[in-house]
>>> print(open('start_17.csv').read())   # CSV, C-alpha atoms
chain,number,residue,atom,x,y,z
A,8,MET,CA,-88.4,140.7,190.8
A,9,GLU,CA,-90.9,138.5,192.7
A,10,GLU,CA,-93.2,136.6,190.4
A,11,ILE,CA,-96.9,136.8,191.4
A,12,ILE,CA,-98.2,134.8,188.5
A,13,ALA,CA,-96.4,132.3,186.3
A,14,VAL,CA,-98.3,130.6,183.4
A,15,SER,CA,-96.5,127.9,181.5
A,16,HIS,CA,-97.8,126.1,178.3
A,17,LEU,CA,-101.4,126.8,179.2
A,18,LYS,CA,-104.0,125.1,177.0
A,19,LYS,CA,-107.8,125.2,177.1
A,20,SER,CA,-110.3,123.5,174.8
A,21,PHE,CA,-114.1,123.4,174.9
A,22,HIS,CA,-116.0,120.3,173.8
A,23,LEU,CA,-118.9,121.1,171.5
A,24,ASP,CA,-121.7,118.6,172.0
A,25,LYS,CA,-124.1,119.7,169.3
A,26,ALA,CA,-122.3,117.4,166.9
A,27,ARG,CA,-122.9,114.4,169.2
A,28,ALA,CA,-126.6,115.3,169.3
A,29,ALA,CA,-126.7,115.1,165.5
A,30,GLY,CA,-125.0,111.6,165.6
A,31,LYS,CA,-121.6,112.9,164.6
A,32,GLN,CA,-118.2,113.0,166.4
A,33,PRO,CA,-118.1,115.7,169.1
A,34,GLN,CA,-116.1,118.7,168.1
A,35,THR,CA,-113.4,120.4,170.1
A,36,LEU,CA,-112.8,124.2,170.1
A,37,GLU,CA,-109.2,125.0,171.1
A,38,VAL,CA,-109.4,128.5,172.6
A,39,ILE,CA,-105.9,128.6,174.1
A,40,LYS,CA,-103.3,126.6,172.2
A,41,ASP,CA,-100.1,127.2,174.2
A,42,ILE,CA,-99.3,130.4,176.1
A,43,SER,CA,-96.6,131.2,178.7
A,44,PHE,CA,-96.0,134.4,180.5
A,45,CYS,CA,-95.4,135.8,184.0
A,46,VAL,CA,-96.4,138.9,186.0
A,47,HIS,CA,-94.1,140.4,188.7
A,48,LYS,CA,-95.1,142.1,191.9
A,49,GLY,CA,-96.3,145.6,191.4
A,50,GLU,CA,-96.5,145.2,187.6
A,51,VAL,CA,-99.4,146.0,185.3
A,52,LEU,CA,-99.7,143.6,182.4
A,53,GLY,CA,-101.9,144.7,179.5
A,54,VAL,CA,-103.6,142.0,177.3
A,55,ILE,CA,-104.8,143.0,173.9
A,56,GLY,CA,-106.1,141.2,170.9
A,57,PRO,CA,-109.2,140.5,168.8
A,58,SER,CA,-112.4,138.9,170.2
A,59,GLY,CA,-112.1,135.2,170.4
A,60,SER,CA,-108.3,135.2,170.9
A,61,GLY,CA,-108.5,133.6,174.3
A,62,LYS,CA,-107.9,136.7,176.5
A,63,SER,CA,-110.9,136.3,178.8
A,64,THR,CA,-110.6,132.6,179.0
A,65,MET,CA,-107.0,133.0,180.1
A,66,LEU,CA,-108.2,135.3,183.0
A,67,ARG,CA,-110.9,132.8,183.9
A,68,CYS,CA,-108.4,130.0,184.1
A,69,ILE,CA,-106.2,132.0,186.5
A,70,ASN,CA,-109.3,132.7,188.7
A,71,GLN,CA,-110.5,129.1,188.7
A,72,LEU,CA,-113.7,130.0,186.7
A,73,GLU,CA,-112.6,127.6,184.0
A,74,THR,CA,-110.5,124.4,184.3
A,75,VAL,CA,-107.4,124.2,182.1
A,76,SER,CA,-106.9,121.4,179.6
A,77,ASP,CA,-103.1,121.3,180.2
A,78,GLY,CA,-100.4,123.5,181.5
A,79,THR,CA,-99.2,125.0,184.8
A,80,ILE,CA,-100.3,128.1,186.7
A,81,ASP,CA,-98.4,129.3,189.8
A,82,ILE,CA,-99.8,132.1,191.9
A,83,CYS,CA,-97.8,133.8,194.7
A,84,GLY,CA,-95.4,130.8,194.8
A,85,GLU,CA,-98.1,128.2,195.1
A,86,THR,CA,-99.1,125.8,192.3
A,87,LEU,CA,-102.8,126.1,191.2
A,88,VAL,CA,-102.4,123.5,188.5
A,89,ARG,CA,-99.4,121.6,187.1
A,90,SER,CA,-99.6,119.8,183.8
A,91,GLY,CA,-103.4,119.9,184.0
A,92,VAL,CA,-103.5,118.4,187.5
A,93,TYR,CA,-105.1,120.7,190.1
A,94,ALA,CA,-104.0,121.1,193.7
A,95,ASP,CA,-106.2,119.9,196.6
A,96,LYS,CA,-109.3,121.9,197.6
A,97,LYS,CA,-107.8,123.6,200.6
A,98,THR,CA,-104.9,124.9,198.5
A,99,LEU,CA,-107.2,126.0,195.7
A,100,ARG,CA,-109.3,128.0,198.1
A,101,ARG,CA,-106.2,129.7,199.6
A,102,ILE,CA,-104.8,130.5,196.1
A,103,GLY,CA,-108.2,131.7,195.0
A,104,LEU,CA,-108.2,134.4,197.7
A,105,ARG,CA,-104.9,135.8,196.3
A,106,SER,CA,-106.5,136.8,193.0
A,107,GLY,CA,-109.4,139.0,192.4
A,108,MET,CA,-111.5,139.5,189.2
A,109,VAL,CA,-113.4,142.5,187.9
A,110,PHE,CA,-115.9,141.5,185.2
A,111,GLN,CA,-117.0,143.6,182.2
A,112,ASN,CA,-120.7,143.3,183.2
A,113,PHE,CA,-120.2,144.2,186.9
A,114,ASN,CA,-121.8,141.0,188.3
A,115,LEU,CA,-123.3,142.8,191.3
A,116,PHE,CA,-126.1,141.3,193.4
A,117,PRO,CA,-129.1,143.3,192.3
A,118,HIS,CA,-131.0,142.9,195.6
A,119,PHE,CA,-128.0,144.1,197.7
A,120,THR,CA,-127.1,147.7,198.3
A,121,ALA,CA,-123.6,148.9,197.3
A,122,LEU,CA,-122.5,148.6,200.9
A,123,ARG,CA,-123.8,145.0,201.2
A,124,ASN,CA,-122.3,144.0,197.8
A,125,ILE,CA,-118.9,144.8,199.2
A,126,ALA,CA,-119.4,143.6,202.8
A,127,GLU,CA,-121.0,140.3,202.0
A,128,ALA,CA,-118.0,138.6,200.5
A,129,GLN,CA,-115.9,139.6,203.5
A,130,VAL,CA,-118.4,138.1,205.8
A,131,LYS,CA,-119.0,134.9,203.8
A,132,VAL,CA,-115.5,134.3,202.4
A,133,LEU,CA,-113.2,135.8,205.0
A,134,GLY,CA,-115.3,135.3,208.1
A,135,ILE,CA,-115.0,138.9,209.1
A,136,GLU,CA,-117.6,140.4,211.5
A,137,ARG,CA,-120.2,142.3,209.6
A,138,ARG,CA,-119.6,145.6,211.4
A,139,GLU,CA,-115.9,145.5,210.4
A,140,ALA,CA,-116.8,144.4,206.9
A,141,GLU,CA,-119.1,147.4,206.5
A,142,GLU,CA,-116.4,149.8,207.8
A,143,THR,CA,-114.1,148.4,205.1
A,144,ALA,CA,-116.8,148.7,202.5
A,145,ARG,CA,-117.5,152.4,203.5
A,146,ALA,CA,-113.8,153.2,203.2
A,147,LEU,CA,-113.5,151.5,199.8
A,148,LEU,CA,-116.6,153.3,198.5
A,149,ALA,CA,-115.1,156.6,199.6
A,150,LYS,CA,-111.9,155.6,197.8
A,151,MET,CA,-113.9,155.0,194.6
A,152,GLY,CA,-115.6,158.4,194.9
A,153,LEU,CA,-118.9,156.9,196.0
A,154,SER,CA,-119.5,158.3,199.5
A,155,GLY,CA,-123.2,158.7,199.9
A,156,LYS,CA,-124.0,155.8,197.7
A,157,GLU,CA,-123.8,153.1,200.4
A,158,TYR,CA,-127.5,152.3,200.4
A,159,ALA,CA,-128.1,152.6,196.6
A,160,TYR,CA,-129.0,149.5,194.7
A,161,PRO,CA,-127.3,148.7,191.4
A,162,TYR,CA,-130.2,149.8,189.4
A,163,GLU,CA,-129.9,153.2,191.0
A,164,LEU,CA,-126.3,153.6,189.9
A,165,SER,CA,-124.8,154.5,186.6
A,166,GLY,CA,-122.7,151.8,184.8
A,167,GLY,CA,-119.5,153.6,185.8
A,168,GLN,CA,-120.7,153.7,189.5
A,169,GLN,CA,-121.6,150.0,189.3
A,170,GLN,CA,-118.2,149.1,188.0
A,171,ARG,CA,-116.5,151.1,190.8
A,172,VAL,CA,-118.5,149.1,193.3
A,173,SER,CA,-117.4,145.9,191.7
A,174,ILE,CA,-113.7,147.0,191.9
A,175,ALA,CA,-114.3,147.9,195.6
A,176,ARG,CA,-115.8,144.5,196.2
A,177,ALA,CA,-112.7,142.8,194.6
A,178,LEU,CA,-110.3,144.9,196.7
A,179,ALA,CA,-112.2,144.1,199.9
A,180,LEU,CA,-110.9,140.6,199.8
A,181,LYS,CA,-107.3,142.0,199.7
A,182,PRO,CA,-106.0,140.1,196.7
A,183,GLU,CA,-102.4,140.0,195.7
A,184,VAL,CA,-103.3,140.5,192.1
A,185,LEU,CA,-106.4,142.0,190.4
A,186,CYS,CA,-107.6,140.9,187.0
A,187,PHE,CA,-109.8,143.1,184.8
A,188,ASP,CA,-111.7,141.6,181.9
A,189,GLU,CA,-112.4,144.6,179.6
A,190,PRO,CA,-113.7,146.7,182.5
A,191,THR,CA,-115.0,149.5,180.2
A,192,SER,CA,-116.6,147.5,177.4
A,193,ALA,CA,-120.1,147.7,178.9
A,194,LEU,CA,-119.9,151.5,179.5
A,195,ASP,CA,-120.8,154.5,177.4
A,196,PRO,CA,-117.6,156.4,176.3
A,197,GLU,CA,-118.3,159.2,178.7
A,198,LEU,CA,-118.2,156.8,181.6
A,199,THR,CA,-115.1,155.0,180.5
A,200,GLY,CA,-112.8,157.7,181.9
A,201,GLU,CA,-113.8,157.4,185.5
A,202,ILE,CA,-113.0,153.6,185.5
A,203,LEU,CA,-109.6,154.2,183.8
A,204,LYS,CA,-108.9,156.8,186.4
A,205,VAL,CA,-109.5,154.3,189.2
A,206,ILE,CA,-107.3,151.7,187.6
A,207,LYS,CA,-104.5,154.3,187.1
A,208,SER,CA,-104.7,155.1,190.8
A,209,LEU,CA,-104.4,151.5,191.7
A,210,ALA,CA,-101.3,151.2,189.4
A,211,GLN,CA,-99.8,154.2,191.3
A,212,GLU,CA,-100.3,152.2,194.5
A,213,LYS,CA,-98.3,149.4,192.9
A,214,MET,CA,-101.2,147.0,192.8
A,215,THR,CA,-100.3,144.0,190.6
A,216,MET,CA,-102.8,143.8,187.8
A,217,ILE,CA,-103.7,142.0,184.6
A,218,VAL,CA,-105.9,144.2,182.4
A,219,VAL,CA,-107.6,142.8,179.3
A,220,THR,CA,-108.6,145.9,177.4
A,221,HIS,CA,-109.5,147.3,174.0
A,222,GLU,CA,-108.4,150.8,175.1
A,223,MET,CA,-105.1,151.1,173.3
A,224,ALA,CA,-104.0,154.5,174.6
A,225,PHE,CA,-104.9,153.3,178.1
A,226,ALA,CA,-102.8,150.1,177.7
A,227,ARG,CA,-99.9,152.1,176.3
A,228,ASP,CA,-99.9,154.6,179.1
A,229,LEU,CA,-100.8,152.4,182.1
A,230,ALA,CA,-99.2,148.9,181.4
A,231,ASP,CA,-95.6,148.1,182.1
A,232,ARG,CA,-95.8,145.3,179.5
A,233,VAL,CA,-98.3,144.2,176.9
A,234,ILE,CA,-99.1,140.8,175.3
A,235,PHE,CA,-100.9,140.6,172.0
A,236,MET,CA,-103.0,137.4,171.7
A,237,ASP,CA,-104.5,136.0,168.6
A,238,GLY,CA,-105.8,132.6,167.7
A,239,GLY,CA,-105.0,131.2,171.2
A,240,VAL,CA,-101.3,132.1,171.2
A,241,ILE,CA,-99.2,135.1,172.2
A,242,VAL,CA,-98.1,136.7,169.0
A,243,GLU,CA,-96.0,139.5,170.5
A,244,GLU,CA,-95.1,140.8,173.9
A,245,GLY,CA,-92.9,143.5,175.3
A,246,ASP,CA,-92.8,147.1,176.7
A,247,ALA,CA,-96.3,148.5,176.4
A,248,ALA,CA,-95.3,151.7,174.5
A,249,SER,CA,-93.0,149.8,172.2
A,250,VAL,CA,-95.6,147.1,171.2
A,251,ILE,CA,-98.4,149.6,170.7
A,252,THR,CA,-96.5,152.3,168.9
A,253,ASN,CA,-94.0,150.2,167.1
A,254,PRO,CA,-95.2,146.6,166.7
A,255,GLN,CA,-92.9,144.1,165.1
A,256,SER,CA,-95.4,141.3,164.1
A,257,GLU,CA,-97.4,141.9,160.9
A,258,ARG,CA,-100.4,140.5,162.7
A,259,THR,CA,-100.0,143.0,165.6
A,260,LYS,CA,-99.6,145.8,163.0
A,261,ALA,CA,-102.8,144.8,161.3
A,262,PHE,CA,-104.8,144.7,164.5
A,263,LEU,CA,-103.5,148.0,165.9
A,264,SER,CA,-104.1,149.8,162.5
A,265,ARG,CA,-107.8,149.8,163.4
A,266,PHE,CA,-107.2,151.7,166.6
A,267,SER,CA,-105.9,155.2,167.5
A,268,ALA,CA,-103.7,155.3,170.5
A,269,SER,CA,-103.5,159.1,170.6
>>> encode(input="start_17.csv", output="structure tokens")
Amino acid sequence: MEEIIAVSHLKKSFHLDKARAAGKQPQTLEVIKDISFCVHKGEVLGVIGPSGSGKSTMLRCINQLETVSDGTIDICGETLVRSGVYADKKTLRRIGLRSGMVFQNFNLFPHFTALRNIAEAQVKVLGIERREAEETARALLAKMGLSGKEYAYPYELSGGQQQRVSIARALALKPEVLCFDEPTSALDPELTGEILKVIKSLAQEKMTMIVVTHEMAFARDLADRVIFMDGGVIVEEGDAASVITNPQSERTKAFLSRFSAS
């Protein structure tokens, strides 16, 4: 199968400068210690693990929102970064368009309507004529079940509706892979289902996705494979149903014992 994303020996550390301000040696927080994995075309990879395990940081590294400390990331056959050295700006921009990101807190422009939130990126990033961009935006809003909400502002939409707009905005740039960073964590439980339904429909369309989630039943039923991260490393990985219903690592067992995947 074709590899869309290949991550090899990825490491990421943050330097904490409060110690320096106190006249001490600056501290380093190692968030990702050494992880390697790949995602194939049309595959859904679920990422689970406790808070602080490096899940979101990993997604941000893939989407160029954080710089890696070391390691290699290849996306769609092109090298984003190799052994900590990044490609040139033109290559980075081209690779960046191949990966989309959906954030847990929506990240919509509050002063833009739903239609403009989706159309603006197409105009500014892809150079598409506004009329065409708005046609695409309308079609995506309809796909998300939001026909009639084109001129609503984010504050006029529910959390679930805002998240569907953010998914539509990411899809508008036609990425090869879509990354979700706990897309339901900011939602009330009753709104979670509508977002999970949208992601399931994308999976049925064979959209390549990486989904960081705390919804264990969703990960079990949706993902092809799951990786469990803890302490900046991958503790266990494998078939989603097998990992979640029959984990082999004691650490994975302890983590999953707090959840019901029924």
>>> atom_distance(input="start_17.csv", atom1="CA of Pro190 in chain A", atom2="CA of Glu157 in chain A")
21.5 Å
>>> closest_residue(input="start_17.csv", among="A:Met214, A:Ile42, A:Ile125, A:Ala149", to="Val172 in chain A", atoms="all atoms listed in the file")
A:Ile125
>>> residues_near_point(input="start_17.csv", point="(-102.2, 149.7, 186.2)", cutoff="12 Å", atoms="all atoms listed in the file", output="PyMOL selection string")
chain A and resi 48-54+184-187+202-220+225-233+247
>>> atom_distance(input="start_17.csv", atom1="CA of Phe235 in chain A", atom2="CA of Ile55 in chain A")
5.0 Å
>>> closest_residue(input="start_17.csv", among="A:Gln168, A:Arg176, A:Ile39, A:Thr86", to="Glu127 in chain A", atoms="all atoms listed in the file")
A:Arg176
>>> closest_residue(input="start_17.csv", among="A:Glu85, A:Glu73, A:Glu257, A:Asp41", to="Glu243 in chain A", atoms="all atoms listed in the file")
A:Glu257
>>> atom_distance(input="start_17.csv", atom1="CA of Arg89 in chain A", atom2="CA of Ser15 in chain A")
8.9 Å
>>> closest_residue(input="start_17.csv", among="A:Leu180, A:Met236, A:Ala248, A:Met8", to="Gly59 in chain A", atoms="all atoms listed in the file")
A:Met236
>>> closest_residue(input="start_17.csv", among="A:Glu183, A:Glu136, A:Glu141, A:Glu163", to="Arg105 in chain A", atoms="only C-alpha atoms")
A:Glu183
>>> residues_around(input="start_17.csv", residues="Arg145 in chain A", least_positions_apart="3", cutoff="12 Å", atoms="all atoms listed in the file", output="list in words")
Thr120, Ala121, Leu122, Arg123, Asn124, Ile125, Ala126, Arg138, Glu139, Ala140, Glu141, Glu142, Leu148, Ala149, Lys150, Met151, Gly152, Leu153, Ser154, Gly155, Lys156, Glu157, Tyr158, Val172, Ala175, Arg176 and Ala179 of chain A
